[in-house]
>>> print(open('start_4.pdb').read())   # PDB, C-alpha atoms
ATOM      1  CA  MET A   1       0.000   0.000   0.000
ATOM      2  CA  THR A   2       1.327   3.438  -0.958
ATOM      3  CA  LYS A   3      -0.055   6.397   0.961
ATOM      4  CA  ALA A   4      -0.108  10.072  -0.023
ATOM      5  CA  PHE A   5      -0.944  13.161   2.018
ATOM      6  CA  MET A   6      -3.013  15.829   0.221
ATOM      7  CA  PHE A   7      -2.560  19.322   1.687
ATOM      8  CA  ALA A   8      -5.793  21.336   1.544
ATOM      9  CA  GLY A   9      -6.150  24.698  -0.196
ATOM     10  CA  GLN A  10      -7.834  28.035   0.348
ATOM     11  CA  GLY A  11     -11.573  27.818   0.928
ATOM     12  CA  ALA A  12     -11.426  25.043   3.530
ATOM     13  CA  GLN A  13     -10.482  27.405   6.378
ATOM     14  CA  LYS A  14     -12.555  27.618   9.539
ATOM     15  CA  VAL A  15     -11.943  29.109  12.949
ATOM     16  CA  GLY A  16     -10.627  26.481  15.365
ATOM     17  CA  MET A  17      -8.961  24.345  12.693
ATOM     18  CA  ALA A  18      -5.987  22.346  14.009
ATOM     19  CA  SER A  19      -7.012  22.894  17.637
ATOM     20  CA  TYR A  20      -6.981  19.161  18.264
ATOM     21  CA  ALA A  21      -3.323  18.940  17.254
ATOM     22  CA  LYS A  22      -1.935  21.948  19.132
ATOM     23  CA  HIS A  23      -0.538  19.799  21.980
ATOM     24  CA  ILE A  24       1.849  17.901  19.673
ATOM     25  CA  LYS A  25       5.467  18.993  20.138
ATOM     26  CA  ARG A  26       6.108  19.624  16.446
ATOM     27  CA  VAL A  27       2.885  21.627  16.176
ATOM     28  CA  LYS A  28       3.794  23.742  19.208
ATOM     29  CA  GLU A  29       7.155  24.503  17.625
ATOM     30  CA  LEU A  30       5.453  25.310  14.321
ATOM     31  CA  PHE A  31       3.079  27.770  16.005
ATOM     32  CA  GLU A  32       5.940  29.415  17.919
ATOM     33  CA  ILE A  33       7.852  30.002  14.688
ATOM     34  CA  ALA A  34       4.765  31.497  13.055
ATOM     35  CA  GLU A  35       4.093  33.799  15.996
ATOM     36  CA  SER A  36       7.691  35.028  15.946
ATOM     37  CA  LYS A  37       7.216  36.070  12.317
ATOM     38  CA  ARG A  38       3.594  37.254  12.393
ATOM     39  CA  LYS A  39       2.176  37.889  15.828
ATOM     40  CA  GLY A  40      -1.472  36.979  16.271
ATOM     41  CA  ILE A  41      -1.837  34.536  13.378
ATOM     42  CA  VAL A  42      -2.244  31.488  15.628
ATOM     43  CA  ASP A  43      -4.889  33.171  17.789
ATOM     44  CA  LEU A  44      -6.761  34.211  14.644
ATOM     45  CA  MET A  45      -6.705  30.646  13.350
ATOM     46  CA  LEU A  46      -7.742  29.024  16.629
ATOM     47  CA  GLY A  47     -10.268  31.535  17.927
ATOM     48  CA  GLY A  48     -10.634  34.618  15.754
ATOM     49  CA  GLU A  49     -13.487  35.882  13.578
ATOM     50  CA  GLN A  50     -14.373  33.862  10.473
ATOM     51  CA  ASP A  51     -14.662  36.962   8.278
ATOM     52  CA  GLU A  52     -11.143  38.006   9.244
ATOM     53  CA  LEU A  53      -9.818  34.506   8.661
ATOM     54  CA  ASN A  54     -11.426  34.514   5.203
ATOM     55  CA  ARG A  55      -9.278  37.444   4.041
ATOM     56  CA  THR A  56      -6.620  36.104   1.655
ATOM     57  CA  ILE A  57      -3.873  37.889   3.552
ATOM     58  CA  ASN A  58      -4.817  35.827   6.638
ATOM     59  CA  THR A  59      -6.207  32.662   5.063
ATOM     60  CA  GLN A  60      -3.012  31.528   3.389
ATOM     61  CA  PRO A  61      -0.650  31.627   6.396
ATOM     62  CA  ALA A  62      -3.382  30.114   8.573
ATOM     63  CA  MET A  63      -3.936  27.271   6.113
ATOM     64  CA  PHE A  64      -0.180  26.659   5.980
ATOM     65  CA  LEU A  65      -0.159  26.172   9.764
ATOM     66  CA  ALA A  66      -3.326  24.082   9.821
ATOM     67  CA  ASP A  67      -2.230  21.805   6.983
ATOM     68  CA  LEU A  68       1.111  21.048   8.616
ATOM     69  CA  ALA A  69      -0.546  20.525  12.011
ATOM     70  CA  TYR A  70      -2.986  18.022  10.495
ATOM     71  CA  ALA A  71      -0.100  16.317   8.685
ATOM     72  CA  TYR A  72       1.958  15.961  11.858
ATOM     73  CA  LYS A  73      -1.088  14.561  13.657
ATOM     74  CA  ALA A  74      -1.860  12.135  10.807
ATOM     75  CA  GLU A  75       1.747  10.944  10.784
ATOM     76  CA  GLU A  76       1.580  10.365  14.527
ATOM     77  CA  GLU A  77      -1.611   8.339  14.157
ATOM     78  CA  SER A  78      -0.912   6.253  11.053
ATOM     79  CA  GLY A  79       2.651   6.834   9.877
ATOM     80  CA  ALA A  80       4.314   8.947   7.209
ATOM     81  CA  PRO A  81       3.248   8.936   3.556
ATOM     82  CA  GLU A  82       5.330   7.929   0.545
ATOM     83  CA  ALA A  83       4.248  10.958  -1.537
ATOM     84  CA  VAL A  84       2.492  14.312  -1.111
ATOM     85  CA  CYS A  85       0.627  16.935  -3.095
ATOM     86  CA  GLY A  86      -0.998  20.227  -2.196
ATOM     87  CA  PHE A  87      -3.897  22.109  -3.747
ATOM     88  CA  SER A  88      -2.757  25.643  -4.630
ATOM     89  CA  VAL A  89      -1.706  27.194  -1.302
ATOM     90  CA  GLY A  90      -1.350  23.649   0.069
ATOM     91  CA  GLU A  91       1.685  23.057  -2.135
ATOM     92  CA  ILE A  92       3.925  25.120   0.162
ATOM     93  CA  PRO A  93       3.190  23.154   3.374
ATOM     94  CA  ALA A  94       3.549  19.981   1.277
ATOM     95  CA  LEU A  95       7.058  21.087   0.284
ATOM     96  CA  VAL A  96       7.912  21.939   3.887
ATOM     97  CA  TYR A  97       6.658  18.549   5.034
ATOM     98  CA  ALA A  98       8.810  16.863   2.363
ATOM     99  CA  GLY A  99      11.901  18.758   3.531
ATOM    100  CA  ALA A 100      12.351  20.979   0.460
ATOM    101  CA  LEU A 101      11.820  24.174   2.483
ATOM    102  CA  SER A 102      12.421  24.909   6.155
ATOM    103  CA  VAL A 103       9.421  25.789   8.320
ATOM    104  CA  GLU A 104      10.816  29.305   8.726
ATOM    105  CA  ASP A 105      11.235  29.869   4.989
ATOM    106  CA  GLY A 106       7.935  28.173   4.241
ATOM    107  CA  PHE A 107       6.010  30.472   6.562
ATOM    108  CA  GLU A 108       7.811  33.556   5.279
ATOM    109  CA  LEU A 109       7.022  32.460   1.727
ATOM    110  CA  ILE A 110       3.333  31.827   2.390
ATOM    111  CA  ASP A 111       3.018  35.162   4.172
ATOM    112  CA  THR A 112       4.657  36.906   1.204
ATOM    113  CA  ARG A 113       2.423  35.003  -1.228
ATOM    114  CA  ALA A 114      -0.673  36.090   0.680
ATOM    115  CA  ARG A 115       0.327  39.742   0.663
ATOM    116  CA  LEU A 116       1.234  39.696  -3.036
ATOM    117  CA  MET A 117      -1.986  37.964  -4.059
ATOM    118  CA  ASP A 118      -4.071  40.241  -1.860
ATOM    119  CA  LYS A 119      -2.467  43.236  -3.588
ATOM    120  CA  ALA A 120      -3.128  41.726  -7.029
ATOM    121  CA  CYS A 121      -6.765  41.082  -6.120
ATOM    122  CA  LYS A 122      -7.241  44.714  -5.103
ATOM    123  CA  GLU A 123      -5.643  45.914  -8.342
ATOM    124  CA  HIS A 124      -7.402  43.569 -10.788
ATOM    125  CA  GLY A 125     -10.551  42.364  -9.027
ATOM    126  CA  GLY A 126     -12.184  39.401 -10.695
ATOM    127  CA  LYS A 127     -14.042  36.307  -9.564
ATOM    128  CA  MET A 128     -13.739  32.527  -9.426
ATOM    129  CA  ILE A 129     -16.637  30.460 -10.752
ATOM    130  CA  ALA A 130     -16.932  26.683 -10.442
ATOM    131  CA  VAL A 131     -18.545  24.949 -13.404
ATOM    132  CA  ILE A 132     -20.258  21.635 -12.712
ATOM    133  CA  GLY A 133     -21.415  19.116 -15.297
ATOM    134  CA  LEU A 134     -19.331  20.144 -18.299
ATOM    135  CA  GLU A 135     -16.132  18.583 -19.627
ATOM    136  CA  PRO A 136     -13.019  20.754 -19.181
ATOM    137  CA  GLU A 137     -12.674  21.190 -22.945
ATOM    138  CA  LYS A 138     -16.166  22.679 -23.076
ATOM    139  CA  VAL A 139     -15.353  25.046 -20.206
ATOM    140  CA  GLU A 140     -12.135  26.081 -21.949
ATOM    141  CA  ALA A 141     -14.089  26.856 -25.108
ATOM    142  CA  LEU A 142     -16.628  28.974 -23.226
ATOM    143  CA  ALA A 143     -13.890  30.855 -21.382
ATOM    144  CA  GLY A 144     -11.803  31.326 -24.509
ATOM    145  CA  GLY A 145     -14.558  33.270 -26.183
ATOM    146  CA  LEU A 146     -14.520  36.028 -23.552
ATOM    147  CA  ALA A 147     -12.060  38.677 -22.446
ATOM    148  CA  ASP A 148     -10.166  38.036 -19.180
ATOM    149  CA  CYS A 149     -11.612  34.565 -18.701
ATOM    150  CA  TRP A 150      -9.570  31.413 -18.107
ATOM    151  CA  ALA A 151     -10.086  27.818 -16.956
ATOM    152  CA  VAL A 152      -7.706  27.574 -14.007
ATOM    153  CA  ASN A 153      -8.578  24.770 -11.565
ATOM    154  CA  TYR A 154      -9.103  21.321 -13.056
ATOM    155  CA  ASN A 155     -10.686  19.787  -9.973
ATOM    156  CA  ALA A 156     -12.446  16.723 -11.389
ATOM    157  CA  PRO A 157     -13.589  15.407 -14.787
ATOM    158  CA  LEU A 158     -16.825  17.421 -14.611
ATOM    159  CA  GLN A 159     -15.730  20.216 -12.273
ATOM    160  CA  THR A 160     -13.563  23.068 -13.524
ATOM    161  CA  VAL A 161     -13.049  26.467 -11.906
ATOM    162  CA  VAL A 162     -12.733  29.583 -14.038
ATOM    163  CA  ALA A 163     -11.052  32.888 -13.180
ATOM    164  CA  VAL A 164     -12.866  35.792 -14.795
ATOM    165  CA  GLY A 165     -12.709  39.583 -14.844
ATOM    166  CA  GLU A 166     -15.642  41.573 -13.499
ATOM    167  CA  ASN A 167     -16.740  42.729 -16.963
ATOM    168  CA  SER A 168     -17.099  39.193 -18.323
ATOM    169  CA  SER A 169     -18.543  37.349 -15.322
ATOM    170  CA  SER A 170     -22.242  37.805 -16.186
ATOM    171  CA  GLU A 171     -21.667  36.766 -19.778
ATOM    172  CA  PHE A 172     -19.767  33.664 -18.663
ATOM    173  CA  LEU A 173     -22.517  32.660 -16.218
ATOM    174  CA  ALA A 174     -25.069  32.926 -19.039
ATOM    175  CA  ALA A 175     -22.844  30.901 -21.374
ATOM    176  CA  VAL A 176     -22.529  28.080 -18.845
ATOM    177  CA  LYS A 177     -26.287  27.959 -18.338
ATOM    178  CA  SER A 178     -26.975  27.862 -22.080
ATOM    179  CA  GLY A 179     -24.315  25.170 -22.458
ATOM    180  CA  GLY A 180     -26.077  22.876 -19.987
ATOM    181  CA  GLY A 181     -23.749  23.331 -17.015
ATOM    182  CA  ARG A 182     -24.165  24.721 -13.522
ATOM    183  CA  ALA A 183     -22.090  27.717 -12.438
ATOM    184  CA  ILE A 184     -21.321  28.456  -8.786
ATOM    185  CA  PRO A 185     -19.539  31.730  -7.877
ATOM    186  CA  LEU A 186     -16.939  31.034  -5.179
ATOM    187  CA  LYS A 187     -16.468  33.102  -2.032
ATOM    188  CA  VAL A 188     -12.925  34.289  -2.698
ATOM    189  CA  SER A 189     -11.456  37.772  -2.943
ATOM    190  CA  GLY A 190     -10.277  37.706  -6.549
ATOM    191  CA  ALA A 191      -9.307  35.723  -9.637
ATOM    192  CA  PHE A 192      -6.432  33.359  -8.785
ATOM    193  CA  HIS A 193      -4.121  31.210 -10.959
ATOM    194  CA  CYS A 194      -4.531  33.442 -13.995
ATOM    195  CA  PRO A 195      -2.633  36.311 -15.655
ATOM    196  CA  PHE A 196      -4.030  38.725 -13.037
ATOM    197  CA  MET A 197      -1.500  37.121 -10.675
ATOM    198  CA  ARG A 198       1.619  37.728 -12.804
ATOM    199  CA  GLU A 199       2.921  40.466 -10.497
ATOM    200  CA  ALA A 200       2.488  38.133  -7.531
ATOM    201  CA  SER A 201       4.438  35.437  -9.372
ATOM    202  CA  VAL A 202       7.327  37.839  -9.982
ATOM    203  CA  GLY A 203       7.319  38.862  -6.328
ATOM    204  CA  LEU A 204       7.361  35.251  -5.213
ATOM    205  CA  GLU A 205      10.287  34.537  -7.526
ATOM    206  CA  LYS A 206      12.257  37.317  -5.834
ATOM    207  CA  ALA A 207      11.395  35.972  -2.389
ATOM    208  CA  LEU A 208      12.542  32.482  -3.369
ATOM    209  CA  GLU A 209      15.916  33.801  -4.556
ATOM    210  CA  LYS A 210      16.925  34.274  -0.906
ATOM    211  CA  MET A 211      15.830  30.800   0.177
ATOM    212  CA  SER A 212      17.338  27.342   0.042
ATOM    213  CA  PHE A 213      15.103  24.945  -1.912
ATOM    214  CA  LYS A 214      16.354  21.413  -1.357
ATOM    215  CA  GLU A 215      15.436  18.289  -3.260
ATOM    216  CA  PRO A 216      12.327  16.824  -1.558
ATOM    217  CA  LYS A 217      12.744  13.643   0.494
ATOM    218  CA  MET A 218       9.679  12.151  -1.199
ATOM    219  CA  PRO A 219       7.757  12.849  -4.427
ATOM    220  CA  VAL A 220       5.916  16.180  -4.263
ATOM    221  CA  TYR A 221       3.467  16.500  -7.142
ATOM    222  CA  ALA A 222       3.462  20.029  -8.568
ATOM    223  CA  ASN A 223       0.250  21.863  -9.485
ATOM    224  CA  LEU A 224       1.963  23.261 -12.573
ATOM    225  CA  THR A 225       2.931  19.948 -14.190
ATOM    226  CA  ALA A 226       0.917  17.321 -12.264
ATOM    227  CA  MET A 227       4.247  15.482 -11.916
ATOM    228  CA  PRO A 228       6.799  15.277  -9.082
ATOM    229  CA  TYR A 229       9.196  18.166  -8.536
ATOM    230  CA  GLU A 230      12.436  17.551 -10.408
ATOM    231  CA  GLY A 231      15.442  19.330 -11.868
ATOM    232  CA  ASP A 232      17.966  21.619 -10.218
ATOM    233  CA  GLU A 233      17.149  24.177  -7.539
ATOM    234  CA  LYS A 234      16.329  26.885 -10.079
ATOM    235  CA  ALA A 235      13.915  24.581 -11.894
ATOM    236  CA  ARG A 236      12.221  23.545  -8.645
ATOM    237  CA  LYS A 237      11.720  27.161  -7.607
ATOM    238  CA  ALA A 238      10.204  27.960 -11.002
ATOM    239  CA  LEU A 239       7.556  25.265 -10.501
ATOM    240  CA  LEU A 240       6.469  27.028  -7.327
ATOM    241  CA  TYR A 241       6.423  30.695  -8.319
ATOM    242  CA  LYS A 242       4.844  29.996 -11.725
ATOM    243  CA  GLN A 243       2.053  28.100  -9.953
ATOM    244  CA  VAL A 244       0.546  31.371  -8.713
ATOM    245  CA  CYS A 245      -0.457  32.525 -12.204
ATOM    246  CA  SER A 246      -0.998  29.086 -13.784
ATOM    247  CA  PRO A 247      -3.744  26.430 -13.645
ATOM    248  CA  VAL A 248      -3.974  23.849 -10.863
ATOM    249  CA  ARG A 249      -4.037  20.451 -12.587
ATOM    250  CA  PHE A 250      -5.505  18.412  -9.750
ATOM    251  CA  THR A 251      -7.269  15.809 -11.898
ATOM    252  CA  ASP A 252      -4.066  14.951 -13.763
ATOM    253  CA  THR A 253      -2.124  14.993 -10.495
ATOM    254  CA  VAL A 254      -4.383  12.378  -8.938
ATOM    255  CA  ARG A 255      -4.341  10.226 -12.072
ATOM    256  CA  ASN A 256      -0.531  10.378 -12.183
ATOM    257  CA  MET A 257      -0.302   9.456  -8.508
ATOM    258  CA  LEU A 258      -2.633   6.512  -9.034
ATOM    259  CA  ALA A 259      -0.507   5.381 -11.993
ATOM    260  CA  ALA A 260       2.583   5.609  -9.766
ATOM    261  CA  GLY A 261       1.020   3.217  -7.251
ATOM    262  CA  VAL A 262      -0.657   5.499  -4.713
ATOM    263  CA  ASP A 263      -3.736   3.708  -3.408
ATOM    264  CA  GLU A 264      -4.480   5.629  -0.202
ATOM    265  CA  PHE A 265      -5.080   9.382  -0.093
ATOM    266  CA  VAL A 266      -5.188  11.164   3.266
ATOM    267  CA  GLU A 267      -6.435  14.747   3.259
ATOM    268  CA  VAL A 268      -4.492  16.881   5.739
ATOM    269  CA  GLY A 269      -6.276  20.110   6.545
ATOM    270  CA  PRO A 270      -9.795  21.102   7.601
ATOM    271  CA  GLY A 271     -12.724  19.593   5.749
ATOM    272  CA  ASN A 272     -12.856  16.919   3.067
ATOM    273  CA  VAL A 273     -13.033  18.839  -0.225
ATOM    274  CA  LEU A 274     -10.080  17.034  -1.805
ATOM    275  CA  THR A 275     -11.338  13.651  -0.610
ATOM    276  CA  GLY A 276     -14.614  14.353  -2.408
ATOM    277  CA  LEU A 277     -12.772  15.255  -5.600
ATOM    278  CA  ILE A 278     -10.732  12.047  -5.416
ATOM    279  CA  ALA A 279     -13.961  10.042  -5.456
ATOM    280  CA  LYS A 280     -14.962  11.759  -8.703
ATOM    281  CA  ILE A 281     -11.574  11.153 -10.349
ATOM    282  CA  ARG A 282     -10.917   7.491  -9.515
TER     283      ARG A 282
END
>>> encode(input="start_4.pdb", output="C-alpha cells")
Amino acid sequence: MTKAFMFAGQGAQKVGMASYAKHIKRVKELFEIAESKRKGIVDLMLGGEQDELNRTINTQPAMFLADLAYAYKAEEESGAPEAVCGFSVGEIPALVYAGALSVEDGFELIDTRARLMDKACKEHGGKMIAVIGLEPEKVEALAGGLADCWAVNYNAPLQTVVAVGENSSSEFLAAVKSGGGRAIPLKVSGAFHCPFMREASVGLEKALEKMSFKEPKMPVYANLTAMPYEGDEKARKALLYKQVCSPVRFTDTVRNMLAAGVDEFVEVGPGNVLTGLIAKIR
C-alpha cells in the first residue's frame, strides 16, 4: 500500500482548525515560529473571527499552519506517507513537510504570497466560478470566447473552476447555463491562478531567490505539471512561483499518482473537499 498526504487549499479554512493537534510537540514549535514572524496569526486561526480569517492575507498563512498541524497529527496516528501533493496554497506546506523548504522559509514564503496575491486582487478584481457538469474542454471553449476569462482549476472530470474579470462574469454565467452546465460563484477575494497574478508570481520569484530549496525527500506533485518536482534548484523554484499565475491540474495529479502506485489518499487540513474530488476522479 502506498499512501499520499493531500494538503488542503484556500476555501477550507474555519476558525478552530488544528485545535486538536496543538498539543503535539512539532505543532507547538510550528506555532511558535509562526508567531515570531507574524504575531497573532495562531490566535486568529484558533479563535478569531471567520470573516477576518477569510481574508486572503490571513487565510493563506493560517492554512499553511493548519495543513502542517494536520499532517503531523496524521503521521503520529498512522505513519508517514510515501508521496504528497498540495492544492494551490497547500503546495507550500507539502514542500515543507517533504523537507524541500524549512518551516521558517515556508512560513515567510506563504506570508509573502498572501500579501502579493491580496495586492493583485485589489488591483485587478475578478471572480472565481466553479462549473459543474461540463467537460473541461467545453469550459475552456466557453472561457476562450470572452475577455479576461480562463479555466484555471481542473478539480475533477466534470468540475472546472474559471477565473474571470468583473466585466465578463455575467456573460460567462449565461454561457454556462446555455451550455447545460451549472455555475457556482466562489467566495474568494479575486481571480487566482490566472494572468491577473503575474505580479504576484514575480514577487514570489524574488522571495525564493533568498531561500534554500532542497530536493524533496519524497515525491511532491506540482500543481503546474501534475508530476513530481524535479530538476535543479532553479527549476524547482520555477515550478512554485509559476504556480501562482498558472492552472492547478488536480485531476491529472491524482491520475498520475494513481498510476505511480498510490492507493491511499489522506487529506491533511480542515474539511474533506479534496477527498470528495478524489472520489470523482478514480
>>> closest_atom_pairs(input="start_4.pdb", of="region 5-122 of chain A", to="region 225-248 of chain A", cutoff="12 Å", atoms="only C-alpha atoms", output="Markdown table")
| residue | atom | partner | partner_atom | distance |
| --- | --- | --- | --- | --- |
| A:Gly9 | CA | A:Val248 | CA | 10.9 |
| A:Ala83 | CA | A:Pro228 | CA | 9.1 |
| A:Val84 | CA | A:Pro228 | CA | 9.1 |
| A:Cys85 | CA | A:Pro228 | CA | 8.8 |
| A:Gly86 | CA | A:Val248 | CA | 9.9 |
| A:Phe87 | CA | A:Val248 | CA | 7.3 |
| A:Ser88 | CA | A:Val248 | CA | 6.6 |
| A:Val89 | CA | A:Val244 | CA | 8.8 |
| A:Gly90 | CA | A:Val248 | CA | 11.2 |
| A:Glu91 | CA | A:Leu240 | CA | 8.1 |
| A:Ile92 | CA | A:Leu240 | CA | 8.1 |
| A:Pro93 | CA | A:Leu240 | CA | 11.8 |
| A:Ala94 | CA | A:Tyr229 | CA | 11.5 |
| A:Leu95 | CA | A:Tyr229 | CA | 9.5 |
| A:Ala98 | CA | A:Tyr229 | CA | 11.0 |
| A:Ala100 | CA | A:Arg236 | CA | 9.5 |
| A:Leu101 | CA | A:Lys237 | CA | 10.5 |
| A:Gly106 | CA | A:Leu240 | CA | 11.7 |
| A:Leu109 | CA | A:Tyr241 | CA | 10.2 |
| A:Ile110 | CA | A:Tyr241 | CA | 11.2 |
| A:Thr112 | CA | A:Tyr241 | CA | 11.5 |
| A:Arg113 | CA | A:Val244 | CA | 8.5 |
| A:Ala114 | CA | A:Val244 | CA | 10.6 |
| A:Leu116 | CA | A:Val244 | CA | 10.1 |
| A:Met117 | CA | A:Val244 | CA | 8.5 |
| A:Ala120 | CA | A:Cys245 | CA | 10.9 |
>>> resolve_selection(input="start_4.pdb", expression="the PyMOL selection byres ((chain A and resi 273) around 12)", output="compact mmCIF listing (two decimals) with C-alpha atoms, keeping the file's coordinate frame")
# COMPACT_ATOMS: atom_id res chain seq x y z
CA MET A 6 -3.01 15.83 0.22
CA PHE A 7 -2.56 19.32 1.69
CA ALA A 8 -5.79 21.34 1.54
CA GLY A 9 -6.15 24.70 -0.20
CA GLN A 10 -7.83 28.04 0.35
CA GLY A 11 -11.57 27.82 0.93
CA ALA A 12 -11.43 25.04 3.53
CA GLN A 13 -10.48 27.40 6.38
CA PHE A 87 -3.90 22.11 -3.75
CA ASN A 155 -10.69 19.79 -9.97
CA ALA A 156 -12.45 16.72 -11.39
CA VAL A 266 -5.19 11.16 3.27
CA GLU A 267 -6.44 14.75 3.26
CA VAL A 268 -4.49 16.88 5.74
CA GLY A 269 -6.28 20.11 6.54
CA PRO A 270 -9.80 21.10 7.60
CA GLY A 271 -12.72 19.59 5.75
CA ASN A 272 -12.86 16.92 3.07
CA LEU A 274 -10.08 17.03 -1.80
CA THR A 275 -11.34 13.65 -0.61
CA GLY A 276 -14.61 14.35 -2.41
CA LEU A 277 -12.77 15.26 -5.60
CA ILE A 278 -10.73 12.05 -5.42
CA ALA A 279 -13.96 10.04 -5.46
CA LYS A 280 -14.96 11.76 -8.70
>>> resolve_selection(input="start_4.pdb", expression="the PyMOL selection byres ((chain A and resi 172) around 12)", output="PyMOL selection string")
chain A and resi 127-131+139-151+161-171+173-179+181-185
>>> atom_distance(input="start_4.pdb", atom1="CA of Gly126 (chain A)", atom2="CA of Met17 (chain A)")
28.0 Å
>>> residues_around(input="start_4.pdb", residues="Asp51 (chain A)", least_positions_apart="5", cutoff="12 Å", atoms="all atoms listed in the file", output="PyMOL selection string")
chain A and resi 13-15+44-45+56-59+187-189
>>> residues_around(input="start_4.pdb", residues="Gly99 (chain A)", least_positions_apart="6", cutoff="10 Å", atoms="only C-alpha atoms", output="list in words")
Pro93, Phe213, Lys214, Glu215, Pro216, Lys217 and Met218 of chain A
>>> resolve_selection(input="start_4.pdb", expression="the PyMOL selection byres ((chain A and resi 261) around 12)", output="list in words")
Met1, Thr2, Lys3, Ala4, Glu82, Ala83, Val254, Arg255, Asn256, Met257, Leu258, Ala259, Ala260, Val262, Asp263, Glu264 and Phe265 of chain A
>>> write_last_selection(input="start_4.pdb", atoms="C-alpha atoms", output="compact mmCIF listing (two decimals), keeping the file's coordinate frame")
# COMPACT_ATOMS: atom_id res chain seq x y z
CA MET A 1 0.00 0.00 0.00
CA THR A 2 1.33 3.44 -0.96
CA LYS A 3 -0.06 6.40 0.96
CA ALA A 4 -0.11 10.07 -0.02
CA GLU A 82 5.33 7.93 0.55
CA ALA A 83 4.25 10.96 -1.54
CA VAL A 254 -4.38 12.38 -8.94
CA ARG A 255 -4.34 10.23 -12.07
CA ASN A 256 -0.53 10.38 -12.18
CA MET A 257 -0.30 9.46 -8.51
CA LEU A 258 -2.63 6.51 -9.03
CA ALA A 259 -0.51 5.38 -11.99
CA ALA A 260 2.58 5.61 -9.77
CA VAL A 262 -0.66 5.50 -4.71
CA ASP A 263 -3.74 3.71 -3.41
CA GLU A 264 -4.48 5.63 -0.20
CA PHE A 265 -5.08 9.38 -0.09
>>> residues_near_point(input="start_4.pdb", point="(8.4, 34.3, 12.8)", cutoff="10 Å", atoms="all atoms listed in the file", output="number ranges by chain")
A: 30-39, 103-105, 107-108
>>> closest_residue(input="start_4.pdb", among="A:Val220, A:Met63, A:Cys121, A:Leu208", to="Cys194 (chain A)", atoms="all atoms listed in the file")
A:Cys121
>>> closest_residue(input="start_4.pdb", among="A:Glu29, A:Glu135, A:Asp252, A:Glu123", to="Glu199 (chain A)", atoms="only C-alpha atoms")
A:Glu123
>>> atom_distance(input="start_4.pdb", atom1="CA of Lys22 (chain A)", atom2="CA of Ala69 (chain A)")
7.4 Å
>>> closest_residue(input="start_4.pdb", among="A:Ala18, A:Leu65, A:Val152, A:Leu134", to="Met197 (chain A)", atoms="all atoms listed in the file")
A:Val152
>>> atom_distance(input="start_4.pdb", atom1="CA of Leu68 (chain A)", atom2="CA of Val27 (chain A)")
7.8 Å
>>> closest_residue(input="start_4.pdb", among="A:Glu77, A:Asp118, A:Glu137, A:Glu209", to="Ala191 (chain A)", atoms="only C-alpha atoms")
A:Asp118
>>> closest_residue(input="start_4.pdb", among="A:Gly47, A:Lys73, A:Gln60, A:Ile41", to="Tyr20 (chain A)", atoms="all atoms listed in the file")
A:Lys73
>>> closest_residue(input="start_4.pdb", among="A:Pro157, A:Gly79, A:Pro195, A:Gly133", to="Phe250 (chain A)", atoms="only C-alpha atoms")
A:Pro157
